[in-house]
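Text of structure_20.pdb (PDB, C-alpha atoms) as supplied:
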```pdb
MODEL        1
ATOM      1  CA  MET A   1     -11.179  50.129 100.596
ATOM      2  CA  THR A   2      -8.260  52.426 101.321
ATOM      3  CA  GLN A   3      -7.907  55.778 102.976
ATOM      4  CA  ILE A   4      -8.483  58.518 100.392
ATOM      5  CA  SER A   5      -7.390  61.584 102.389
ATOM      6  CA  ARG A   6      -6.480  62.594 105.899
ATOM      7  CA  THR A   7      -9.441  61.886 108.131
ATOM      8  CA  ALA A   8     -10.509  63.097 111.562
ATOM      9  CA  GLY A   9     -13.077  61.589 113.898
ATOM     10  CA  ILE A  10     -15.383  63.503 116.210
ATOM     11  CA  ASP A  11     -17.113  62.114 119.285
ATOM     12  CA  THR A  12     -20.134  64.297 120.023
ATOM     13  CA  SER A  13     -21.891  65.182 123.239
ATOM     14  CA  LYS A  14     -24.276  67.980 124.137
ATOM     15  CA  ALA A  15     -21.556  70.254 125.531
ATOM     16  CA  LYS A  16     -18.321  69.267 123.806
ATOM     17  CA  LEU A  17     -16.602  67.619 120.861
ATOM     18  CA  ASP A  18     -13.597  65.298 121.147
ATOM     19  CA  ILE A  19     -11.458  65.180 118.008
ATOM     20  CA  ALA A  20      -8.765  62.739 116.849
ATOM     21  CA  VAL A  21      -6.883  62.440 113.545
ATOM     22  CA  HIS A  22      -6.527  58.988 112.023
ATOM     23  CA  GLY A  23      -2.907  57.885 111.864
ATOM     24  CA  GLY A  24      -1.726  60.956 113.765
ATOM     25  CA  VAL A  25      -1.129  62.088 117.317
ATOM     26  CA  GLU A  26      -3.455  65.094 117.209
ATOM     27  CA  ARG A  27      -6.103  65.008 119.941
ATOM     28  CA  TRP A  28      -8.073  67.963 121.223
ATOM     29  CA  GLN A  29     -11.440  69.091 122.524
ATOM     30  CA  VAL A  30     -13.717  72.039 121.737
ATOM     31  CA  GLY A  31     -17.116  73.186 122.890
ATOM     32  CA  ASN A  32     -20.143  72.114 120.859
ATOM     33  CA  THR A  33     -20.888  75.756 120.076
ATOM     34  CA  LEU A  34     -20.349  78.127 117.170
ATOM     35  CA  VAL A  35     -17.076  79.327 118.718
ATOM     36  CA  GLY A  36     -15.939  75.723 119.097
ATOM     37  CA  TRP A  37     -16.898  74.874 115.506
ATOM     38  CA  ARG A  38     -14.871  77.821 114.207
ATOM     39  CA  HIS A  39     -11.811  76.709 116.146
ATOM     40  CA  LEU A  40     -12.340  73.129 114.962
ATOM     41  CA  ALA A  41     -12.569  74.126 111.279
ATOM     42  CA  SER A  42      -9.481  76.294 111.585
ATOM     43  CA  GLU A  43      -7.465  73.519 113.227
ATOM     44  CA  LEU A  44      -8.592  70.887 110.705
ATOM     45  CA  THR A  45      -7.571  73.180 107.843
ATOM     46  CA  ARG A  46      -4.182  73.829 109.458
ATOM     47  CA  ILE A  47      -3.340  70.112 109.670
ATOM     48  CA  ALA A  48      -4.705  69.381 106.163
ATOM     49  CA  VAL A  49      -7.709  67.255 107.176
ATOM     50  CA  THR A  50     -10.379  67.131 104.461
ATOM     51  CA  ARG A  51     -12.603  64.250 105.620
ATOM     52  CA  VAL A  52     -14.408  64.106 108.940
ATOM     53  CA  GLY A  53     -16.318  61.214 110.467
ATOM     54  CA  ILE A  54     -18.880  61.890 113.154
ATOM     55  CA  GLU A  55     -21.269  59.485 114.862
ATOM     56  CA  ALA A  56     -24.978  60.313 114.878
ATOM     57  CA  SER A  57     -25.912  61.205 118.448
ATOM     58  CA  GLY A  58     -29.550  62.164 118.664
ATOM     59  CA  GLY A  59     -29.193  65.496 116.899
ATOM     60  CA  TYR A  60     -26.310  67.008 118.883
ATOM     61  CA  GLU A  61     -24.133  66.554 115.812
ATOM     62  CA  ARG A  62     -26.328  68.561 113.418
ATOM     63  CA  GLY A  63     -24.823  71.971 114.074
ATOM     64  CA  VAL A  64     -21.200  71.008 113.609
ATOM     65  CA  VAL A  65     -22.019  68.794 110.615
ATOM     66  CA  GLY A  66     -23.740  71.677 108.813
ATOM     67  CA  TYR A  67     -20.977  74.116 109.716
ATOM     68  CA  LEU A  68     -18.152  71.861 108.491
ATOM     69  CA  ARG A  69     -19.979  71.053 105.248
ATOM     70  CA  ASP A  70     -20.453  74.761 104.603
ATOM     71  CA  LYS A  71     -16.695  75.155 105.044
ATOM     72  CA  GLY A  72     -16.026  72.561 102.357
ATOM     73  CA  PHE A  73     -15.188  69.492 104.454
ATOM     74  CA  ILE A  74     -16.408  66.038 103.480
ATOM     75  CA  VAL A  75     -18.450  64.965 106.504
ATOM     76  CA  LEU A  76     -19.515  61.346 106.936
ATOM     77  CA  VAL A  77     -22.295  60.866 109.482
ATOM     78  CA  LEU A  78     -21.830  57.322 110.769
ATOM     79  CA  GLN A  79     -24.511  55.188 112.354
ATOM     80  CA  PRO A  80     -23.620  53.859 115.835
ATOM     81  CA  ILE A  81     -23.935  50.295 114.534
ATOM     82  CA  GLN A  82     -21.166  50.987 112.007
ATOM     83  CA  VAL A  83     -18.749  52.213 114.659
ATOM     84  CA  LYS A  84     -19.612  49.361 117.044
ATOM     85  CA  ALA A  85     -19.112  46.774 114.299
ATOM     86  CA  TYR A  86     -15.730  48.293 113.434
ATOM     87  CA  ALA A  87     -14.719  48.164 117.100
ATOM     88  CA  ARG A  88     -15.713  44.492 117.353
ATOM     89  CA  VAL A  89     -13.777  43.573 114.218
ATOM     90  CA  HIS A  90     -10.637  45.179 115.663
ATOM     91  CA  LEU A  91     -11.287  43.824 119.194
ATOM     92  CA  ARG A  92     -11.423  47.280 120.748
ATOM     93  CA  ARG A  93     -13.223  47.142 124.087
ATOM     94  CA  ALA A  94     -11.987  50.178 126.022
ATOM     95  CA  LYS A  95     -14.312  53.158 125.787
ATOM     96  CA  ASN A  96     -14.129  56.831 126.635
ATOM     97  CA  ASP A  97     -14.692  60.022 124.650
ATOM     98  CA  LYS A  98     -11.089  60.334 123.437
ATOM     99  CA  LEU A  99     -10.877  56.686 122.413
ATOM    100  CA  ASP A 100     -14.257  56.948 120.706
ATOM    101  CA  ALA A 101     -12.935  59.836 118.582
ATOM    102  CA  VAL A 102      -9.947  57.693 117.568
ATOM    103  CA  LEU A 103     -12.266  54.814 116.693
ATOM    104  CA  ILE A 104     -14.604  57.020 114.661
ATOM    105  CA  ALA A 105     -11.641  58.448 112.731
ATOM    106  CA  ALA A 106     -10.359  54.959 111.899
ATOM    107  CA  CYS A 107     -13.821  53.780 110.851
ATOM    108  CA  ALA A 108     -14.467  56.859 108.681
ATOM    109  CA  ALA A 109     -11.108  56.448 106.948
ATOM    110  CA  THR A 110     -12.246  53.110 105.492
ATOM    111  CA  ILE A 111     -15.689  54.211 104.307
ATOM    112  CA  ASP A 112     -16.360  55.512 100.807
ATOM    113  CA  ARG A 113     -17.928  58.909 100.352
ATOM    114  CA  PRO A 114     -21.668  58.657  99.575
ATOM    115  CA  ARG A 115     -22.489  58.836  95.870
ATOM    116  CA  ILE A 116     -25.201  61.404  96.540
ATOM    117  CA  ASP A 117     -24.337  64.522  98.511
ATOM    118  CA  PRO A 118     -26.808  65.648 101.218
ATOM    119  CA  ASP A 119     -29.374  68.288 100.257
ATOM    120  CA  LYS A 120     -29.231  71.113 102.818
ATOM    121  CA  ARG A 121     -32.787  72.165 101.977
ATOM    122  CA  LEU A 122     -34.185  68.752 102.884
ATOM    123  CA  ALA A 123     -31.948  68.400 105.952
ATOM    124  CA  LYS A 124     -33.496  71.562 107.370
ATOM    125  CA  LEU A 125     -37.035  70.415 106.582
ATOM    126  CA  ALA A 126     -36.354  67.085 108.305
ATOM    127  CA  GLN A 127     -36.495  68.888 111.661
ATOM    128  CA  HIS A 128     -39.921  70.288 110.783
ATOM    129  CA  LEU A 129     -41.158  66.858 109.728
ATOM    130  CA  THR A 130     -39.889  65.319 112.964
ATOM    131  CA  PHE A 131     -41.853  67.995 114.837
ATOM    132  CA  VAL A 132     -44.987  67.007 112.908
ATOM    133  CA  GLU A 133     -44.409  63.345 113.737
ATOM    134  CA  GLN A 134     -44.009  64.183 117.417
ATOM    135  CA  ILE A 135     -47.295  66.113 117.313
ATOM    136  CA  GLU A 136     -48.978  63.063 115.781
ATOM    137  CA  GLU A 137     -47.588  60.906 118.592
ATOM    138  CA  ASP A 138     -48.970  63.380 121.154
ATOM    139  CA  ILE A 139     -52.404  63.271 119.489
ATOM    140  CA  ALA A 140     -52.408  59.465 119.580
ATOM    141  CA  ARG A 141     -51.538  59.470 123.298
ATOM    142  CA  LEU A 142     -54.305  61.938 124.095
ATOM    143  CA  LYS A 143     -56.855  59.866 122.170
ATOM    144  CA  VAL A 144     -55.942  56.846 124.263
ATOM    145  CA  ARG A 145     -56.067  58.903 127.467
ATOM    146  CA  ILE A 146     -59.532  60.297 126.804
ATOM    147  CA  GLU A 147     -60.957  56.769 126.645
ATOM    148  CA  HIS A 148     -60.328  56.437 130.379
ATOM    149  CA  ILE A 149     -61.601  59.876 131.454
ATOM    150  CA  ASP A 150     -65.195  60.171 132.658
ATOM    151  CA  ASP A 151     -65.163  63.665 134.132
ATOM    152  CA  PRO A 152     -66.762  66.080 131.569
ATOM    153  CA  ARG A 153     -64.438  68.964 132.479
ATOM    154  CA  LEU A 154     -61.317  66.861 132.003
ATOM    155  CA  ARG A 155     -62.646  65.436 128.745
ATOM    156  CA  ARG A 156     -63.231  68.978 127.420
ATOM    157  CA  MET A 157     -59.631  69.860 128.266
ATOM    158  CA  VAL A 158     -58.260  66.853 126.411
ATOM    159  CA  VAL A 159     -60.541  67.424 123.407
ATOM    160  CA  ALA A 160     -59.329  71.043 123.258
ATOM    161  CA  ASP A 161     -55.707  69.877 123.412
ATOM    162  CA  ILE A 162     -56.321  67.442 120.549
ATOM    163  CA  ALA A 163     -57.934  70.165 118.423
ATOM    164  CA  ARG A 164     -55.048  72.534 119.149
ATOM    165  CA  LEU A 165     -52.461  69.920 118.167
ATOM    166  CA  LYS A 166     -54.331  69.027 114.977
ATOM    167  CA  ALA A 167     -54.383  72.699 113.958
ATOM    168  CA  ARG A 168     -50.663  72.995 114.663
ATOM    169  CA  ARG A 169     -49.985  69.832 112.653
ATOM    170  CA  SER A 170     -51.921  71.156 109.660
ATOM    171  CA  ALA A 171     -50.137  74.507 109.809
ATOM    172  CA  GLU A 172     -46.705  72.890 109.982
ATOM    173  CA  LEU A 173     -47.470  70.530 107.089
ATOM    174  CA  ALA A 174     -48.661  73.497 105.029
ATOM    175  CA  HIS A 175     -45.393  75.286 105.823
ATOM    176  CA  ILE A 176     -43.365  72.275 104.664
ATOM    177  CA  VAL A 177     -45.330  71.986 101.400
ATOM    178  CA  THR A 178     -44.964  75.719 100.721
ATOM    179  CA  THR A 179     -41.227  75.489 101.289
ATOM    180  CA  LEU A 180     -40.903  72.462  98.991
ATOM    181  CA  ARG A 181     -42.901  74.161  96.250
ATOM    182  CA  GLY A 182     -40.618  77.172  96.530
ATOM    183  CA  HIS A 183     -38.003  75.120  94.679
ATOM    184  CA  ASP A 184     -38.857  74.006  91.136
ATOM    185  CA  ASP A 185     -36.992  70.691  91.334
ATOM    186  CA  LEU A 186     -38.530  69.722  94.672
ATOM    187  CA  ALA A 187     -42.005  70.799  93.521
ATOM    188  CA  SER A 188     -41.655  68.608  90.425
ATOM    189  CA  ARG A 189     -40.557  65.605  92.497
ATOM    190  CA  LEU A 190     -43.454  66.152  94.902
ATOM    191  CA  ASP A 191     -45.976  66.154  92.046
ATOM    192  CA  LEU A 192     -44.455  62.986  90.604
ATOM    193  CA  VAL A 193     -44.738  61.152  93.923
ATOM    194  CA  LEU A 194     -48.298  62.411  94.422
ATOM    195  CA  SER A 195     -49.243  60.905  91.054
ATOM    196  CA  VAL A 196     -48.898  57.394  92.542
ATOM    197  CA  PRO A 197     -52.343  56.232  93.786
ATOM    198  CA  GLY A 198     -52.257  55.690  97.536
ATOM    199  CA  LEU A 199     -49.489  58.217  98.210
ATOM    200  CA  GLY A 200     -51.070  61.278  99.772
ATOM    201  CA  GLU A 201     -49.412  64.545 100.642
ATOM    202  CA  ARG A 202     -48.302  63.445 104.120
ATOM    203  CA  THR A 203     -46.502  60.333 102.833
ATOM    204  CA  ALA A 204     -45.115  62.137  99.778
ATOM    205  CA  ILE A 205     -43.517  64.729 102.060
ATOM    206  CA  ALA A 206     -41.961  61.977 104.156
ATOM    207  CA  LEU A 207     -40.564  60.279 101.041
ATOM    208  CA  LEU A 208     -38.943  63.425  99.688
ATOM    209  CA  ILE A 209     -37.454  64.536 102.999
ATOM    210  CA  ARG A 210     -36.537  61.187 104.558
ATOM    211  CA  MET A 211     -35.139  59.767 101.307
ATOM    212  CA  PRO A 212     -33.385  62.535  99.339
ATOM    213  CA  GLU A 213     -31.825  59.769  97.207
ATOM    214  CA  LEU A 214     -35.264  58.997  95.716
ATOM    215  CA  GLY A 215     -35.055  58.567  91.943
ATOM    216  CA  ARG A 216     -31.255  58.270  91.917
ATOM    217  CA  ILE A 217     -30.902  54.776  93.389
ATOM    218  CA  SER A 218     -32.093  51.304  92.444
ATOM    219  CA  ARG A 219     -35.294  49.766  93.759
ATOM    220  CA  GLU A 220     -33.250  47.365  95.903
ATOM    221  CA  GLU A 221     -31.244  50.210  97.440
ATOM    222  CA  ALA A 222     -34.421  52.184  98.167
ATOM    223  CA  ALA A 223     -36.027  49.194  99.919
ATOM    224  CA  ALA A 224     -32.891  48.609 101.999
ATOM    225  CA  LEU A 225     -32.630  52.276 103.048
ATOM    226  CA  ALA A 226     -36.253  52.247 104.221
ATOM    227  CA  GLY A 227     -35.806  48.953 106.073
ATOM    228  CA  LEU A 228     -38.273  47.194 103.782
ATOM    229  CA  ALA A 229     -35.893  44.790 102.047
ATOM    230  CA  PRO A 230     -36.480  41.107 102.899
ATOM    231  CA  TYR A 231     -33.224  39.506 104.063
ATOM    232  CA  ASP A 232     -32.445  35.788 103.935
ATOM    233  CA  ASP A 233     -31.808  33.866 107.154
ATOM    234  CA  ASP A 234     -30.275  30.655 105.771
ATOM    235  CA  SER A 235     -27.285  28.682 106.997
ATOM    236  CA  GLY A 236     -26.367  25.196 105.842
ATOM    237  CA  LYS A 237     -29.534  23.111 105.875
ATOM    238  CA  HIS A 238     -31.412  25.699 107.892
ATOM    239  CA  LYS A 239     -33.865  27.735 105.828
ATOM    240  CA  GLY A 240     -35.059  30.607 107.968
ATOM    241  CA  GLN A 241     -37.906  32.997 107.351
ATOM    242  CA  ARG A 242     -37.016  36.130 105.425
ATOM    243  CA  HIS A 243     -37.324  39.303 107.467
ATOM    244  CA  ILE A 244     -36.814  43.053 107.256
ATOM    245  CA  ALA A 245     -34.348  44.868 109.476
ATOM    246  CA  GLY A 246     -32.769  48.281 110.046
ATOM    247  CA  GLY A 247     -33.453  51.221 107.786
ATOM    248  CA  ARG A 248     -35.077  54.593 108.363
ATOM    249  CA  GLY A 249     -37.772  53.936 110.913
ATOM    250  CA  ARG A 250     -39.802  57.129 110.572
ATOM    251  CA  LEU A 251     -39.994  56.753 106.793
ATOM    252  CA  ARG A 252     -41.002  53.107 107.132
ATOM    253  CA  ARG A 253     -43.860  54.008 109.510
ATOM    254  CA  SER A 254     -45.132  56.601 107.026
ATOM    255  CA  LEU A 255     -45.130  54.008 104.244
ATOM    256  CA  PHE A 256     -46.938  51.470 106.425
ATOM    257  CA  ALA A 257     -49.618  54.055 107.202
ATOM    258  CA  ALA A 258     -50.152  54.623 103.483
ATOM    259  CA  ALA A 259     -49.912  50.969 102.450
ATOM    260  CA  LEU A 260     -53.008  49.782 104.334
ATOM    261  CA  PRO A 261     -55.592  52.063 102.632
ATOM    262  CA  ALA A 262     -53.709  51.828  99.327
ATOM    263  CA  ALA A 263     -53.887  48.010  99.364
ATOM    264  CA  PHE A 264     -57.600  48.001 100.182
ATOM    265  CA  ARG A 265     -58.907  50.900  98.123
ATOM    266  CA  TRP A 266     -56.653  53.346  96.262
ATOM    267  CA  ASN A 267     -54.061  51.455  94.231
ATOM    268  CA  LYS A 268     -55.270  48.706  91.879
ATOM    269  CA  ALA A 269     -51.819  47.122  91.601
ATOM    270  CA  LEU A 270     -51.491  46.909  95.400
ATOM    271  CA  ILE A 271     -55.035  45.595  95.810
ATOM    272  CA  GLU A 272     -54.145  42.769  93.453
ATOM    273  CA  LEU A 273     -50.765  42.194  95.160
ATOM    274  CA  TYR A 274     -52.336  42.008  98.626
ATOM    275  CA  ARG A 275     -55.043  39.624  97.406
ATOM    276  CA  ARG A 276     -52.524  37.382  95.652
ATOM    277  CA  LEU A 277     -50.194  37.185  98.669
ATOM    278  CA  THR A 278     -52.906  36.477 101.223
ATOM    279  CA  THR A 279     -54.442  33.861  98.904
ATOM    280  CA  ARG A 280     -51.072  32.079  98.904
ATOM    281  CA  GLY A 281     -51.159  31.994 102.696
ATOM    282  CA  LYS A 282     -49.044  35.033 103.531
ATOM    283  CA  ALA A 283     -49.892  36.742 106.826
ATOM    284  CA  HIS A 284     -51.511  40.178 106.785
ATOM    285  CA  ASN A 285     -48.349  41.872 108.104
ATOM    286  CA  ALA A 286     -46.122  40.203 105.505
ATOM    287  CA  ALA A 287     -48.475  41.260 102.701
ATOM    288  CA  LEU A 288     -48.603  44.799 104.078
ATOM    289  CA  ILE A 289     -44.792  44.995 104.143
ATOM    290  CA  ALA A 290     -44.732  43.921 100.489
ATOM    291  CA  CYS A 291     -47.281  46.628  99.649
ATOM    292  CA  ALA A 292     -45.282  49.295 101.493
ATOM    293  CA  ARG A 293     -42.181  48.214  99.598
ATOM    294  CA  LYS A 294     -44.069  48.426  96.297
ATOM    295  CA  LEU A 295     -45.278  51.948  97.101
ATOM    296  CA  LEU A 296     -41.679  53.001  97.665
ATOM    297  CA  ILE A 297     -40.570  51.312  94.422
ATOM    298  CA  TYR A 298     -43.354  53.068  92.488
ATOM    299  CA  ALA A 299     -42.340  56.446  93.934
ATOM    300  CA  ASN A 300     -38.681  55.816  93.117
ATOM    301  CA  ALA A 301     -39.604  54.798  89.557
ATOM    302  CA  VAL A 302     -41.719  57.865  88.711
ATOM    303  CA  VAL A 303     -39.054  60.242  90.025
ATOM    304  CA  GLN A 304     -36.355  58.307  88.175
ATOM    305  CA  ARG A 305     -38.280  58.432  84.885
ATOM    306  CA  GLY A 306     -39.515  61.974  85.392
ATOM    307  CA  THR A 307     -43.008  60.985  84.272
ATOM    308  CA  PRO A 308     -46.179  60.631  86.386
ATOM    309  CA  TRP A 309     -47.751  57.300  87.304
ATOM    310  CA  SER A 310     -49.905  55.628  84.704
ATOM    311  CA  GLU A 311     -51.979  52.507  85.059
ATOM    312  CA  ARG A 312     -50.909  49.509  83.010
ATOM    313  CA  PRO A 313     -53.460  48.691  80.292
ATOM    314  CA  GLN A 314     -55.675  45.782  81.165
ATOM    315  CA  ALA A 315     -55.048  42.571  79.251
ATOM    316  CA  VAL A 316     -57.744  41.889  76.659
TER     317      VAL A 316
ENDMDL
END
```
I'd like the structure from this file rewritten - as structure tokens, please.
Amino acid sequence: MTQISRTAGIDTSKAKLDIAVHGGVERWQVGNTLVGWRHLASELTRIAVTRVGIEASGGYERGVVGYLRDKGFIVLVLQPIQVKAYARVHLRRAKNDKLDAVLIAACAATIDRPRIDPDKRLAKLAQHLTFVEQIEEDIARLKVRIEHIDDPRLRRMVVADIARLKARRSAELAHIVTTLRGHDDLASRLDLVLSVPGLGERTAIALLIRMPELGRISREEAAALAGLAPYDDDSGKHKGQRHIAGGRGRLRRSLFAAALPAAFRWNKALIELYRRLTTRGKAHNAALIACARKLLIYANAVVQRGTPWSERPQAV
């Protein structure tokens, strides 16, 4: 791959942004604020930079990424593993914020632009979905805590907290669904995903928001993005066990949560798949991973075709 246009790299922290231009001497720093973003966009335009690479940093990059995209810049959000791998390949060991910006710029200059542009509507809803997931984690912790509380007054407090969090979770999920159904294309995609047996509203929301590429990529690409693709581990005469790795963790957990009831009750194809795999000696977890992957493939297929799920006719 070759550099397509002049590229800048941004190293992000909570308070500031360090910027470097690939192949140039330009280095500067701005605050990670609206004023800083304005100055950054102005300076990038002045020196004819059109592509910007920025490393994901726990959400501190969201503001500047959205601002630069609104201003017409191509913004590549790089995973830390990508930047680290690039540094290892080029034997770069020194590390500070300025050098990191240089490294990010060099890495971004060699990476192709994604085929599918980000959907700003879904990017905004991703924050709401993360909030819902955090509420669910809080509920799970409280349920574990109450098992070890004997005092009636304390138990009442925890039970009240659980009820309050459940109500908040329901309200937030309803808000997300209402927002999705406010857009005809997103509402149609939601209905298509919901047509797959075993995919309830909670998982369907996660699929649409966590995988905006749904329906526009192959089944193999979808599985890899979700971290559900089985990778070989062979070398020479060694034949290792296939395993999954990487991917979008929150989406994968949502699919796992749906796969268990789907494989035991709701989806006939998954019930048969789970039975067939376990009969052949596959472990429960391996069979469940296969079922989660199938759910994702089914969802990708119905959105791709634009037609709801339909059961295959039984062989006579």
Please give the centre and size of the box around stretch 18-23 of chain A (axis-aligned, containing every atom listed in the file, 8 Å added per side), with values in Å to one decimal and written as AutoDock Vina command-line options.
```
--center_x -8.3 --center_y 61.6 --center_z 116.5 --size_x 26.7 --size_y 23.4 --size_z 25.3
```
| task | Name the residues in contact with A:Pro212 at a cut-off of 9 Å, using all atoms listed in the file, excluding same-chain residues fewer than 6 positions from it; report them as a ChimeraX atom specification. | result | /A:116,118-119,122-123
| Near A:Gly247, counting only C-alpha atoms, which residues have an atom at most 8 Å away, once you skip same-chain residues fewer than 4 positions from it, shown as a ChimeraX atom specification? | /A:224-228,252
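Shortest atom-to-atom contact with A:Val77 among A:Lys282, A:Arg62, A:Lys98, A:Arg275: A:Arg62, counting all atoms listed in the file.
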| request: Give me, please, the distance in Å between atom CA of A:Gly9 and atom CA of A:Val52, quoted to one decimal. | output: 5.7 Å
| task | Report the distance between atom CA of A:Lys120 and atom CA of A:Ile104 in Å, rounded to one decimal place. | result | 23.5 Å
